[in-house]
file input13.pdb (PDB, C-alpha atoms)
ATOM      1  CA  MET A  27    -133.766 101.512-135.084
ATOM      2  CA  PRO A  28    -132.524  99.722-138.216
ATOM      3  CA  LEU A  29    -133.641 100.974-141.640
ATOM      4  CA  SER A  30    -134.885  97.487-142.498
ATOM      5  CA  PRO A  31    -136.091  94.881-139.986
ATOM      6  CA  GLU A  32    -133.630  92.383-138.601
ATOM      7  CA  LEU A  33    -134.470  88.784-139.509
ATOM      8  CA  TYR A  34    -135.107  86.668-136.432
ATOM      9  CA  SER A  35    -133.466  83.223-136.384
ATOM     10  CA  PRO A  36    -134.316  80.952-133.428
ATOM     11  CA  ASP A  37    -132.417  77.785-132.590
ATOM     12  CA  ALA A  38    -132.841  74.688-130.432
ATOM     13  CA  ARG A  39    -132.136  76.732-127.280
ATOM     14  CA  THR A  40    -135.068  79.086-127.919
ATOM     15  CA  ARG A  41    -137.866  78.974-125.365
ATOM     16  CA  LEU A  42    -140.708  81.140-126.667
ATOM     17  CA  LEU A  43    -143.597  82.271-124.487
ATOM     18  CA  VAL A  44    -146.510  83.804-126.419
ATOM     19  CA  VAL A  45    -148.929  85.936-124.401
ATOM     20  CA  ALA A  46    -152.371  85.944-126.070
ATOM     21  CA  PRO A  47    -155.156  88.046-124.529
ATOM     22  CA  HIS A  48    -157.882  86.197-126.511
ATOM     23  CA  PRO A  49    -158.306  83.145-128.700
ATOM     24  CA  ASP A  50    -157.069  83.978-132.245
ATOM     25  CA  ASP A  51    -154.388  86.456-131.067
ATOM     26  CA  GLU A  52    -151.890  83.581-130.947
ATOM     27  CA  THR A  53    -152.540  82.900-134.638
ATOM     28  CA  ILE A  54    -152.839  86.465-135.935
ATOM     29  CA  GLY A  55    -149.880  87.816-133.969
ATOM     30  CA  THR A  56    -147.446  84.883-133.812
ATOM     31  CA  GLY A  57    -148.653  82.030-136.024
ATOM     32  CA  GLU A  58    -145.481  81.964-138.111
ATOM     33  CA  LEU A  59    -143.166  82.679-135.180
ATOM     34  CA  LEU A  60    -144.508  79.620-133.341
ATOM     35  CA  GLN A  61    -143.835  77.439-136.374
ATOM     36  CA  LEU A  62    -140.365  78.900-136.872
ATOM     37  CA  VAL A  63    -139.307  78.141-133.297
ATOM     38  CA  ARG A  64    -140.728  74.622-133.447
ATOM     39  CA  ALA A  65    -138.935  73.932-136.746
ATOM     40  CA  ALA A  66    -135.655  75.079-135.190
ATOM     41  CA  GLY A  67    -136.071  72.580-132.347
ATOM     42  CA  GLY A  68    -137.022  75.158-129.729
ATOM     43  CA  GLU A  69    -139.784  74.979-127.120
ATOM     44  CA  VAL A  70    -142.979  77.045-127.134
ATOM     45  CA  ARG A  71    -145.742  77.862-124.686
ATOM     46  CA  VAL A  72    -148.926  79.846-125.350
ATOM     47  CA  LEU A  73    -150.372  81.660-122.355
ATOM     48  CA  LEU A  74    -154.046  82.413-123.059
ATOM     49  CA  LEU A  75    -155.274  85.100-120.669
ATOM     50  CA  THR A  76    -159.028  85.003-121.424
ATOM     51  CA  ASP A  77    -161.388  82.623-123.207
ATOM     52  CA  GLY A  78    -162.845  85.441-125.302
ATOM     53  CA  ASP A  79    -166.282  84.789-123.826
ATOM     54  CA  ASP A  80    -167.442  88.440-123.878
ATOM     55  CA  ASN A  81    -168.027  88.271-127.619
ATOM     56  CA  PRO A  82    -171.795  88.692-127.911
ATOM     57  CA  TRP A  83    -172.517  89.528-131.561
ATOM     58  CA  PRO A  84    -170.977  86.430-133.172
ATOM     59  CA  GLN A  85    -172.578  84.350-130.419
ATOM     60  CA  ARG A  86    -176.005  85.893-131.057
ATOM     61  CA  TRP A  87    -175.600  85.263-134.776
ATOM     62  CA  LEU A  88    -174.418  81.654-134.568
ATOM     63  CA  GLU A  89    -176.695  80.583-131.707
ATOM     64  CA  ARG A  90    -179.706  82.546-132.941
ATOM     65  CA  ARG A  91    -180.336  84.126-129.563
ATOM     66  CA  LEU A  92    -180.638  87.646-128.194
ATOM     67  CA  ARG A  93    -180.094  87.122-124.478
ATOM     68  CA  ILE A  94    -176.668  85.943-123.339
ATOM     69  CA  GLY A  95    -176.337  85.048-119.679
ATOM     70  CA  ASP A  96    -173.572  83.499-117.608
ATOM     71  CA  VAL A  97    -174.291  79.955-118.810
ATOM     72  CA  GLU A  98    -174.221  80.997-122.463
ATOM     73  CA  ARG A  99    -171.028  82.990-121.987
ATOM     74  CA  ALA A 100    -169.283  80.071-120.322
ATOM     75  CA  ARG A 101    -170.310  77.779-123.162
ATOM     76  CA  TRP A 102    -168.998  80.277-125.728
ATOM     77  CA  GLY A 103    -165.704  80.520-123.845
ATOM     78  CA  ARG A 104    -165.317  76.736-123.930
ATOM     79  CA  ARG A 105    -165.943  76.783-127.652
ATOM     80  CA  ARG A 106    -163.313  79.442-128.246
ATOM     81  CA  ARG A 107    -160.728  77.666-126.087
ATOM     82  CA  GLY A 108    -161.328  74.552-128.183
ATOM     83  CA  GLU A 109    -160.721  76.622-131.312
ATOM     84  CA  VAL A 110    -157.339  77.711-129.922
ATOM     85  CA  ALA A 111    -156.344  74.097-129.355
ATOM     86  CA  GLU A 112    -157.221  73.198-132.940
ATOM     87  CA  ALA A 113    -155.450  76.285-134.326
ATOM     88  CA  LEU A 114    -152.296  75.372-132.427
ATOM     89  CA  ARG A 115    -152.479  71.803-133.732
ATOM     90  CA  ARG A 116    -152.447  73.222-137.265
ATOM     91  CA  LEU A 117    -149.377  75.267-136.307
ATOM     92  CA  ASP A 118    -147.591  72.098-135.086
ATOM     93  CA  VAL A 119    -147.829  73.212-131.442
ATOM     94  CA  PRO A 120    -148.562  70.387-128.957
ATOM     95  CA  PHE A 121    -151.723  70.546-126.863
ATOM     96  CA  ASP A 122    -149.827  70.690-123.568
ATOM     97  CA  ALA A 123    -148.140  73.932-124.705
ATOM     98  CA  LEU A 124    -151.448  75.774-124.146
ATOM     99  CA  HIS A 125    -151.841  77.246-120.657
ATOM    100  CA  ALA A 126    -154.950  79.309-119.845
ATOM    101  CA  THR A 127    -155.611  81.630-116.909
ATOM    102  CA  GLY A 128    -159.364  82.002-117.467
ATOM    103  CA  TRP A 129    -159.344  85.721-116.627
ATOM    104  CA  PRO A 130    -162.350  87.846-117.645
ATOM    105  CA  ASP A 131    -162.635  88.887-121.267
ATOM    106  CA  MET A 132    -162.782  92.699-121.524
ATOM    107  CA  GLY A 133    -161.645  92.706-117.903
ATOM    108  CA  LEU A 134    -157.853  92.841-117.938
ATOM    109  CA  THR A 135    -157.778  96.587-117.268
ATOM    110  CA  THR A 136    -160.044  96.059-114.266
ATOM    111  CA  LEU A 137    -157.693  93.261-113.198
ATOM    112  CA  VAL A 138    -154.742  95.667-113.331
ATOM    113  CA  ARG A 139    -156.575  98.200-111.191
ATOM    114  CA  GLY A 140    -158.209  95.778-108.786
ATOM    115  CA  ASP A 141    -155.806  92.939-108.028
ATOM    116  CA  ALA A 142    -152.654  93.292-110.090
ATOM    117  CA  SER A 143    -150.596  91.508-107.425
ATOM    118  CA  MET A 144    -152.594  88.288-107.884
ATOM    119  CA  ALA A 145    -152.284  88.444-111.665
ATOM    120  CA  ARG A 146    -148.575  89.252-111.470
ATOM    121  CA  ALA A 147    -147.988  86.278-109.163
ATOM    122  CA  ARG A 148    -149.725  83.949-111.624
ATOM    123  CA  LEU A 149    -147.629  85.250-114.504
ATOM    124  CA  VAL A 150    -144.420  84.970-112.492
ATOM    125  CA  ALA A 151    -145.304  81.340-111.758
ATOM    126  CA  GLU A 152    -145.579  80.724-115.510
ATOM    127  CA  LEU A 153    -142.233  82.418-116.102
ATOM    128  CA  VAL A 154    -140.544  80.349-113.398
ATOM    129  CA  ASP A 155    -142.085  77.108-114.663
ATOM    130  CA  PHE A 156    -141.241  77.602-118.342
ATOM    131  CA  GLY A 157    -138.145  79.813-118.194
ATOM    132  CA  PRO A 158    -138.549  81.620-121.525
ATOM    133  CA  ASN A 159    -135.692  83.445-123.207
ATOM    134  CA  VAL A 160    -138.088  85.046-125.734
ATOM    135  CA  VAL A 161    -141.485  86.516-124.860
ATOM    136  CA  ALA A 162    -143.936  87.701-127.515
ATOM    137  CA  LEU A 163    -146.571  89.964-125.973
ATOM    138  CA  PRO A 164    -149.191  92.413-127.236
ATOM    139  CA  ALA A 165    -148.002  95.905-128.066
ATOM    140  CA  LEU A 166    -148.589  98.546-125.407
ATOM    141  CA  SER A 167    -150.044 100.761-128.143
ATOM    142  CA  ASP A 168    -152.656  98.188-129.213
ATOM    143  CA  ARG A 169    -156.049  99.914-129.088
ATOM    144  CA  HIS A 170    -157.892  96.952-127.581
ATOM    145  CA  PRO A 171    -157.910  97.533-123.803
ATOM    146  CA  ASP A 172    -157.185  93.872-123.007
ATOM    147  CA  HIS A 173    -154.080  93.945-125.207
ATOM    148  CA  GLY A 174    -152.484  97.033-123.683
ATOM    149  CA  SER A 175    -153.288  95.800-120.174
ATOM    150  CA  ALA A 176    -151.852  92.354-120.976
ATOM    151  CA  HIS A 177    -148.602  94.107-121.913
ATOM    152  CA  VAL A 178    -148.577  95.979-118.590
ATOM    153  CA  LEU A 179    -149.292  92.844-116.532
ATOM    154  CA  MET A 180    -146.535  90.852-118.231
ATOM    155  CA  ARG A 181    -143.979  93.661-117.950
ATOM    156  CA  LEU A 182    -144.723  93.984-114.221
ATOM    157  CA  ALA A 183    -144.414  90.212-113.818
ATOM    158  CA  LEU A 184    -141.069  90.271-115.644
ATOM    159  CA  ALA A 185    -139.893  92.955-113.206
ATOM    160  CA  ASP A 186    -140.761  90.548-110.365
ATOM    161  CA  TRP A 187    -139.006  87.580-111.993
ATOM    162  CA  ASP A 188    -135.480  87.015-110.726
ATOM    163  CA  ALA A 189    -133.875  85.782-113.936
ATOM    164  CA  GLU A 190    -131.983  86.933-116.999
ATOM    165  CA  PRO A 191    -134.330  89.263-118.925
ATOM    166  CA  PRO A 192    -135.690  87.563-122.052
ATOM    167  CA  LEU A 193    -135.883  89.110-125.488
ATOM    168  CA  LEU A 194    -139.219  90.947-125.577
ATOM    169  CA  LEU A 195    -141.043  91.135-128.900
ATOM    170  CA  SER A 196    -144.322  93.042-129.097
ATOM    171  CA  TYR A 197    -146.917  92.355-131.766
ATOM    172  CA  LEU A 198    -149.729  94.661-132.855
ATOM    173  CA  VAL A 199    -153.208  93.411-133.769
ATOM    174  CA  HIS A 200    -155.503  96.453-133.410
ATOM    175  CA  GLY A 201    -154.361  99.877-134.587
ATOM    176  CA  ARG A 202    -151.158 101.297-135.979
ATOM    177  CA  GLY A 203    -147.795 101.168-134.281
ATOM    178  CA  GLU A 204    -146.014 104.337-133.245
ATOM    179  CA  ALA A 205    -142.627 102.937-134.272
ATOM    180  CA  ALA A 206    -141.477 100.882-137.246
ATOM    181  CA  PRO A 207    -141.097  97.193-136.284
ATOM    182  CA  ASP A 208    -137.458  96.164-136.108
ATOM    183  CA  ILE A 209    -137.787  92.353-136.138
ATOM    184  CA  ALA A 210    -139.099  90.343-139.089
ATOM    185  CA  LEU A 211    -139.348  86.647-139.938
ATOM    186  CA  PRO A 212    -137.910  84.962-143.026
ATOM    187  CA  ALA A 213    -140.648  84.613-145.638
ATOM    188  CA  ALA A 214    -141.943  81.079-146.140
ATOM    189  CA  ALA A 215    -145.055  80.236-148.137
ATOM    190  CA  GLU A 216    -145.658  76.983-146.219
ATOM    191  CA  ARG A 217    -145.618  78.715-142.841
ATOM    192  CA  HIS A 218    -148.004  81.389-144.056
ATOM    193  CA  ALA A 219    -150.365  78.786-145.508
ATOM    194  CA  ALA A 220    -150.387  76.934-142.182
ATOM    195  CA  LYS A 221    -151.125  80.206-140.397
ATOM    196  CA  LEU A 222    -154.121  80.852-142.650
ATOM    197  CA  ALA A 223    -155.308  77.287-142.049
ATOM    198  CA  ALA A 224    -155.006  77.867-138.308
ATOM    199  CA  LEU A 225    -157.138  80.995-138.612
ATOM    200  CA  THR A 226    -160.029  78.981-140.043
ATOM    201  CA  ALA A 227    -160.085  76.953-136.818
ATOM    202  CA  HIS A 228    -161.465  80.104-135.160
ATOM    203  CA  GLY A 229    -164.862  79.557-136.756
ATOM    204  CA  SER A 230    -166.703  81.617-134.147
ATOM    205  CA  GLN A 231    -164.785  84.707-135.243
ATOM    206  CA  MET A 232    -164.833  83.994-138.967
ATOM    207  CA  ALA A 233    -168.657  83.921-139.009
ATOM    208  CA  LEU A 234    -169.078  87.697-139.039
ATOM    209  CA  SER A 235    -165.538  89.004-139.574
ATOM    210  CA  ALA A 236    -163.831  86.662-142.027
ATOM    211  CA  GLY A 237    -162.549  89.428-144.301
ATOM    212  CA  ARG A 238    -161.098  91.495-141.468
ATOM    213  CA  MET A 239    -159.566  88.421-139.829
ATOM    214  CA  ARG A 240    -157.887  87.356-143.072
ATOM    215  CA  ARG A 241    -156.521  90.858-143.646
ATOM    216  CA  LEU A 242    -154.984  90.874-140.167
ATOM    217  CA  THR A 243    -153.534  87.395-140.621
ATOM    218  CA  ASP A 244    -152.205  88.125-144.105
ATOM    219  CA  ARG A 245    -149.913  90.883-142.838
ATOM    220  CA  PRO A 246    -146.230  89.912-142.587
ATOM    221  CA  GLU A 247    -145.332  89.193-138.982
ATOM    222  CA  ARG A 248    -143.306  92.094-137.636
ATOM    223  CA  TYR A 249    -142.262  92.715-134.052
ATOM    224  CA  GLU A 250    -140.966  95.653-132.108
ATOM    225  CA  ARG A 251    -138.147  94.934-129.698
ATOM    226  CA  VAL A 252    -139.366  96.210-126.330
ATOM    227  CA  ALA A 253    -136.886  98.486-124.606
ATOM    228  CA  ARG A 254    -137.044 101.185-121.985
ATOM    229  CA  PRO A 255    -138.046 104.670-123.140
ATOM    230  CA  PRO A 256    -135.198 106.954-124.286
ATOM    231  CA  ALA A 257    -133.134 108.379-121.453
ATOM    232  CA  ASP A 258    -133.618 111.928-122.773
ATOM    233  CA  ARG A 259    -137.405 111.779-122.343
ATOM    234  CA  GLU A 260    -138.523 114.027-119.515
ATOM    235  CA  ALA A 261    -139.246 111.922-116.427
ATOM    236  CA  GLY A 262    -142.946 111.453-115.819
ATOM    237  CA  ALA A 263    -144.064 113.344-118.944
ATOM    238  CA  LEU A 264    -147.524 112.330-120.153
ATOM    239  CA  PRO A 265    -148.257 112.268-123.890
ATOM    240  CA  TRP A 266    -151.828 113.557-123.522
ATOM    241  CA  ARG A 267    -153.131 117.113-123.355
ATOM    242  CA  PRO A 268    -156.800 116.567-122.631
ATOM    243  CA  ARG A 269    -159.154 119.531-122.772
ATOM    244  CA  ALA A 270    -162.734 118.392-123.218
ATOM    245  CA  TRP A 271    -164.395 116.142-120.612
ATOM    246  CA  ARG A 272    -161.444 116.601-118.251
ATOM    247  CA  SER A 273    -163.734 116.297-115.232
ATOM    248  CA  GLN A 274    -164.671 112.741-116.308
ATOM    249  CA  LEU A 275    -161.162 111.500-117.074
ATOM    250  CA  ARG A 276    -159.329 108.968-114.941
ATOM    251  CA  LEU A 277    -155.566 108.439-114.685
ATOM    252  CA  THR A 278    -154.062 105.082-113.701
ATOM    253  CA  ILE A 279    -150.402 104.543-112.802
ATOM    254  CA  ALA A 280    -149.020 100.989-112.635
ATOM    255  CA  SER A 281    -145.484 100.085-111.568
ATOM    256  CA  PRO A 282    -143.702  97.502-109.385
ATOM    257  CA  ASP A 283    -144.607  99.780-106.473
ATOM    258  CA  GLY A 284    -148.315  99.094-107.060
ATOM    259  CA  VAL A 285    -151.281 100.504-108.944
ATOM    260  CA  ARG A 286    -153.039 103.789-108.174
ATOM    261  CA  HIS A 287    -155.786 105.697-109.975
ATOM    262  CA  TRP A 288    -157.454 109.073-109.596
ATOM    263  CA  PRO A 289    -159.941 111.364-111.295
ATOM    264  CA  TRP A 290    -157.836 113.630-113.500
ATOM    265  CA  ALA A 291    -158.523 116.644-111.274
ATOM    266  CA  ASP A 292    -157.114 114.813-108.214
ATOM    267  CA  ALA A 293    -154.087 113.189-109.857
ATOM    268  CA  PRO A 294    -150.595 114.200-108.646
ATOM    269  CA  LEU A 295    -149.746 116.208-111.770
ATOM    270  CA  ARG A 296    -148.033 119.460-112.562
ATOM    271  CA  ARG A 297    -147.637 121.520-115.690
ATOM    272  CA  ASP A 298    -144.415 121.159-117.650
ATOM    273  CA  GLY A 299    -144.345 124.787-118.849
ATOM    274  CA  GLN A 300    -145.119 123.818-122.437
ATOM    275  CA  GLY A 301    -148.808 123.047-122.129
ATOM    276  CA  GLY A 302    -148.265 119.428-121.118
ATOM    277  CA  TRP A 303    -148.521 117.472-117.896
ATOM    278  CA  ARG A 304    -146.140 115.319-115.899
ATOM    279  CA  LEU A 305    -146.290 113.252-112.741
ATOM    280  CA  ALA A 306    -145.085 115.039-109.641
ATOM    281  CA  GLU A 307    -143.200 111.860-108.660
ATOM    282  CA  VAL A 308    -142.320 108.965-110.954
ATOM    283  CA  PRO A 309    -142.606 105.447-109.449
ATOM    284  CA  THR A 310    -140.092 102.645-109.982
ATOM    285  CA  ALA A 311    -139.604 101.521-113.581
ATOM    286  CA  PRO A 312    -141.177 100.024-115.526
ATOM    287  CA  CYS A 313    -143.950 102.546-114.984
ATOM    288  CA  PHE A 314    -147.090 102.768-117.090
ATOM    289  CA  ALA A 315    -149.846 105.370-117.281
ATOM    290  CA  ARG A 316    -153.345 104.981-118.654
ATOM    291  CA  LEU A 317    -155.909 107.641-119.435
ATOM    292  CA  ASP A 318    -159.544 106.726-119.917
ATOM    293  CA  MET A 319    -163.070 107.893-119.309
ATOM    294  CA  PRO A 320    -165.249 105.434-117.339
ATOM    295  CA  VAL A 321    -168.416 106.152-119.281
ATOM    296  CA  PRO A 322    -170.404 103.276-120.848
ATOM    297  CA  SER A 323    -169.958 103.104-124.604
ATOM    298  CA  PRO A 324    -170.537 100.532-127.381
ATOM    299  CA  TRP A 325    -167.054 101.386-128.684
ATOM    300  CA  ILE A 326    -164.641  98.949-127.034
ATOM    301  CA  PHE A 327    -161.322 100.328-128.290
ATOM    302  CA  ASP A 328    -159.176 102.788-126.359
ATOM    303  CA  ARG A 329    -159.009 106.451-127.260
ATOM    304  CA  TRP A 330    -155.913 107.133-125.122
ATOM    305  CA  GLY A 331    -154.872 103.817-123.619
ATOM    306  CA  TRP A 332    -151.483 103.084-122.016
ATOM    307  CA  CYS A 333    -148.042 104.664-122.337
ATOM    308  CA  GLU A 334    -144.725 103.898-120.664
ATOM    309  CA  LEU A 335    -143.117 106.639-118.577
TER     310      LEU A 335
END
call {"tool": "encode", "arguments": {"input": "input13.pdb", "output": "C-alpha cells"}}
result
Amino acid sequence: MPLSPELYSPDARTRLLVVAPHPDDETIGTGELLQLVRAAGGEVRVLLLTDGDDNPWPQRWLERRLRIGDVERARWGRRRRGEVAEALRRLDVPFDALHATGWPDMGLTTLVRGDASMARARLVAELVDFGPNVVALPALSDRHPDHGSAHVLMRLALADWDAEPPLLLSYLVHGRGEAAPDIALPAAAERHAAKLAALTAHGSQMALSAGRMRRLTDRPERYERVARPPADREAGALPWRPRAWRSQLRLTIASPDGVRHWPWADAPLRRDGQGGWRLAEVPTAPCFARLDMPVPSPWIFDRWGWCEL
C-alpha cells in the first residue's frame, strides 16, 4: 500500500463500468471519475442495480402521504431513475450509457441468497457486451447491505467472465474503510463543481438529507484497488467473535461454487484455538462470508456485513 494515493490517469482506451446500487451512488462515488474518463476519450457505462424505490420517508414528505403501496413505490422508482439520467447528463455522460437491472431496492442480499445465478448471468452479459477494463464497484465494507451485496454479485460475475481481469476500484459511500485508499484522482475544480451540480439532480434525496448528501459528495474521490486477501491470512478465518444473540445469527457463504446459509449453530465451523472461528472447508475463491441477524429493525445498515475469505 503506497504512503500516498496513486493518481489515476485514464486514456482513450479506458472502458469504465460503474456499478451503482441506487440512484445517486453514481454521482457520490464516481462523479469525477466518470468525467475524467470521458475527457480522456474513454467509454463509460453506468449499471444501476435498483431504482431506489424502497425510500419511504422522502416519498412520504414530498408526496404528503403516509401509506406507500406498490403503485406509489413504482412511481417513486421512475422518478429516481429519471434523476439519474439528469445527473449523468450534467456529468457529460450520454443517456445510452445508463443500463438498469430493476432489481429490488433493499433486496440485493436476498437476491444473493435466493437466485445469485440469475443475477450473475445478467452481470456477465453486461460485462461481455461492454468489455470494461476498469470496474468501479461499491466497497465490500460499505455498511449499506445493498452495497456490500452488489460487490459480492459483481465479483462472482467477474469470476464467471472469461476475459482479462479488469482493474477493480472500490468506492465507499456509507461507513469508514478498513484500509487507506490507494487510488486518487487529479484535483480539478470544474469537475468537482459539475459533480455537485449533478447531485442536485437527485431532488428526491436532497429534500430531507441535503446536508449529508453534500458532505458525502464533497469528499475527494478515493478508491481502493481490489485484490485478493493476503496469502498469509489463515484460510477460512472469520473476523467475527459473536457472543450475544448467537442463537439468532445467520451465516451466508457465497462463492463461484454457489451460495449457502445456515443458523450460526448449524454452520460448518470450528474453533481456531485463539477464540475465533473458521470454516471447516473453504470454497473456491473469491469466497465471501456474511453474518447477520434476520430480525426486523428500523436500522437498515449492517452491523457485521460481508468479508472476503
call {"tool": "closest_residue", "arguments": {"input": "input13.pdb", "among": "A:Glu89, A:Asp283, A:Asp96, A:Glu112", "to": "Leu182 (chain A)", "atoms": "only C-alpha atoms"}}
result
A:Asp283
call {"tool": "resolve_selection", "arguments": {"input": "input13.pdb", "expression": "the PyMOL selection byres ((chain A and resi 287) around 8)", "output": "VMD selection string"}}
result
chain A and resid 139 276 to 279 285 to 286 288 to 289 293
call {"tool": "atom_distance", "arguments": {"input": "input13.pdb", "atom1": "CA of Ala162 (chain A)", "atom2": "CA of Leu42 (chain A)"}}
result
7.4 Å
call {"tool": "closest_atom_pairs", "arguments": {"input": "input13.pdb", "of": "region 184-296 of chain A", "to": "region 115-128 of chain A", "cutoff": "9 Å", "atoms": "all atoms listed in the file", "output": "tab-separated table"}}
result
residue	atom	partner	partner_atom	distance
A:Arg217	CA	A:Leu117	CA	8.3
A:Ala220	CA	A:Leu117	CA	6.2
A:Lys221	CA	A:Leu117	CA	6.6
A:Ala223	CA	A:Arg116	CA	6.9
A:Ala224	CA	A:Arg116	CA	5.4
A:Ala227	CA	A:Arg116	CA	8.5
call {"tool": "residues_around", "arguments": {"input": "input13.pdb", "residues": "Val178 (chain A)", "least_positions_apart": "2", "cutoff": "12 Å", "atoms": "only C-alpha atoms", "output": "mmCIF file with C-alpha atoms, in the coordinates of the input"}}
result
data_model
loop_
_atom_site.group_PDB
_atom_site.id
_atom_site.type_symbol
_atom_site.label_atom_id
_atom_site.label_comp_id
_atom_site.auth_asym_id
_atom_site.auth_seq_id
_atom_site.Cartn_x
_atom_site.Cartn_y
_atom_site.Cartn_z
ATOM 1 C CA VAL A 45 -148.929 85.936 -124.401
ATOM 2 C CA PRO A 47 -155.156 88.046 -124.529
ATOM 3 C CA LEU A 134 -157.853 92.841 -117.938
ATOM 4 C CA THR A 135 -157.778 96.587 -117.268
ATOM 5 C CA LEU A 137 -157.693 93.261 -113.198
ATOM 6 C CA VAL A 138 -154.742 95.667 -113.331
ATOM 7 C CA ARG A 139 -156.575 98.200 -111.191
ATOM 8 C CA ALA A 142 -152.654 93.292 -110.090
ATOM 9 C CA ALA A 145 -152.284 88.444 -111.665
ATOM 10 C CA ARG A 146 -148.575 89.252 -111.470
ATOM 11 C CA LEU A 149 -147.629 85.250 -114.504
ATOM 12 C CA LEU A 163 -146.571 89.964 -125.973
ATOM 13 C CA PRO A 164 -149.191 92.413 -127.236
ATOM 14 C CA ALA A 165 -148.002 95.905 -128.066
ATOM 15 C CA LEU A 166 -148.589 98.546 -125.407
ATOM 16 C CA SER A 167 -150.044 100.761 -128.143
ATOM 17 C CA ASP A 168 -152.656 98.188 -129.213
ATOM 18 C CA PRO A 171 -157.910 97.533 -123.803
ATOM 19 C CA ASP A 172 -157.185 93.872 -123.007
ATOM 20 C CA HIS A 173 -154.080 93.945 -125.207
ATOM 21 C CA GLY A 174 -152.484 97.033 -123.683
ATOM 22 C CA SER A 175 -153.288 95.800 -120.174
ATOM 23 C CA ALA A 176 -151.852 92.354 -120.976
ATOM 24 C CA MET A 180 -146.535 90.852 -118.231
ATOM 25 C CA ARG A 181 -143.979 93.661 -117.950
ATOM 26 C CA LEU A 182 -144.723 93.984 -114.221
ATOM 27 C CA ALA A 183 -144.414 90.212 -113.818
ATOM 28 C CA LEU A 184 -141.069 90.271 -115.644
ATOM 29 C CA ALA A 185 -139.893 92.955 -113.206
ATOM 30 C CA SER A 196 -144.322 93.042 -129.097
ATOM 31 C CA THR A 278 -154.062 105.082 -113.701
ATOM 32 C CA ILE A 279 -150.402 104.543 -112.802
ATOM 33 C CA ALA A 280 -149.020 100.989 -112.635
ATOM 34 C CA SER A 281 -145.484 100.085 -111.568
ATOM 35 C CA PRO A 282 -143.702 97.502 -109.385
ATOM 36 C CA GLY A 284 -148.315 99.094 -107.060
ATOM 37 C CA VAL A 285 -151.281 100.504 -108.944
ATOM 38 C CA ALA A 311 -139.604 101.521 -113.581
ATOM 39 C CA PRO A 312 -141.177 100.024 -115.526
ATOM 40 C CA CYS A 313 -143.950 102.546 -114.984
ATOM 41 C CA PHE A 314 -147.090 102.768 -117.090
ATOM 42 C CA ALA A 315 -149.846 105.370 -117.281
ATOM 43 C CA ARG A 316 -153.345 104.981 -118.654
ATOM 44 C CA GLY A 331 -154.872 103.817 -123.619
ATOM 45 C CA TRP A 332 -151.483 103.084 -122.016
ATOM 46 C CA CYS A 333 -148.042 104.664 -122.337
ATOM 47 C CA GLU A 334 -144.725 103.898 -120.664
ATOM 48 C CA LEU A 335 -143.117 106.639 -118.577
#
call {"tool": "atom_distance", "arguments": {"input": "input13.pdb", "atom1": "CA of Gln61 (chain A)", "atom2": "CA of Glu216 (chain A)"}}
result
10.0 Å
call {"tool": "closest_residue", "arguments": {"input": "input13.pdb", "among": "A:Glu152, A:Glu52, A:Glu98, A:Asp79", "to": "Ala113 (chain A)", "atoms": "all atoms listed in the file"}}
result
A:Glu52
call {"tool": "closest_residue", "arguments": {"input": "input13.pdb", "among": "A:Ala213, A:Trp290, A:Ala233, A:Arg101", "to": "Ser273 (chain A)", "atoms": "all atoms listed in the file"}}
result
A:Trp290
call {"tool": "resolve_selection", "arguments": {"input": "input13.pdb", "expression": "the PyMOL selection byres ((chain A and resi 191) around 12)", "output": "ChimeraX atom specification"}}
result
/A:153,157-161,181,183-190,192-194,252-253
call {"tool": "atom_distance", "arguments": {"input": "input13.pdb", "atom1": "CA of Arg329 (chain A)", "atom2": "CA of Trp266 (chain A)"}}
result
10.8 Å
call {"tool": "residues_around", "arguments": {"input": "input13.pdb", "residues": "Gly95 (chain A)", "least_positions_apart": "6", "cutoff": "12 Å", "atoms": "only C-alpha atoms", "output": "PyMOL selection string"}}
result
chain A and resi 79-82+85-86+101-102
call {"tool": "closest_residue", "arguments": {"input": "input13.pdb", "among": "A:Leu60, A:Val70, A:Ala206, A:Ala306", "to": "Arg39 (chain A)", "atoms": "only C-alpha atoms"}}
result
A:Val70
call {"tool": "residues_near_point", "arguments": {"input": "input13.pdb", "point": "(-161.6, 85.6, -126.6)", "cutoff": "9 Å", "atoms": "all atoms listed in the file", "output": "number ranges by chain"}}
result
A: 47-51, 74-81, 103, 106-107, 131-132
call {"tool": "write_last_selection", "arguments": {"input": "input13.pdb", "atoms": "C-alpha atoms", "output": "PDB file, in the coordinates of the input"}}
result
ATOM      1  CA  PRO A  47    -155.156  88.046-124.529  1.00  0.00           C
ATOM      2  CA  HIS A  48    -157.882  86.197-126.511  1.00  0.00           C
ATOM      3  CA  PRO A  49    -158.306  83.145-128.700  1.00  0.00           C
ATOM      4  CA  ASP A  50    -157.069  83.978-132.245  1.00  0.00           C
ATOM      5  CA  ASP A  51    -154.388  86.456-131.067  1.00  0.00           C
ATOM      6  CA  LEU A  74    -154.046  82.413-123.059  1.00  0.00           C
ATOM      7  CA  LEU A  75    -155.274  85.100-120.669  1.00  0.00           C
ATOM      8  CA  THR A  76    -159.028  85.003-121.424  1.00  0.00           C
ATOM      9  CA  ASP A  77    -161.388  82.623-123.207  1.00  0.00           C
ATOM     10  CA  GLY A  78    -162.845  85.441-125.302  1.00  0.00           C
ATOM     11  CA  ASP A  79    -166.282  84.789-123.826  1.00  0.00           C
ATOM     12  CA  ASP A  80    -167.442  88.440-123.878  1.00  0.00           C
ATOM     13  CA  ASN A  81    -168.027  88.271-127.619  1.00  0.00           C
ATOM     14  CA  GLY A 103    -165.704  80.520-123.845  1.00  0.00           C
ATOM     15  CA  ARG A 106    -163.313  79.442-128.246  1.00  0.00           C
ATOM     16  CA  ARG A 107    -160.728  77.666-126.087  1.00  0.00           C
ATOM     17  CA  ASP A 131    -162.635  88.887-121.267  1.00  0.00           C
ATOM     18  CA  MET A 132    -162.782  92.699-121.524  1.00  0.00           C
TER      19      MET A 132
END
call {"tool": "axis_aligned_box", "arguments": {"input": "input13.pdb", "around": "region 217-228 of chain A", "padding_each_side": "3 Å", "output": "AutoDock Vina command-line options"}}
result
--center_x -153.5 --center_y 79.2 --center_z -140.3 --size_x 21.8 --size_y 10.5 --size_z 16.3
call {"tool": "resolve_selection", "arguments": {"input": "input13.pdb", "expression": "the PyMOL selection byres ((chain A and resi 207) around 6)", "output": "list in words"}}
result
Ala206, Asp208, Ile209, Arg248, Tyr249 and Glu250 of chain A
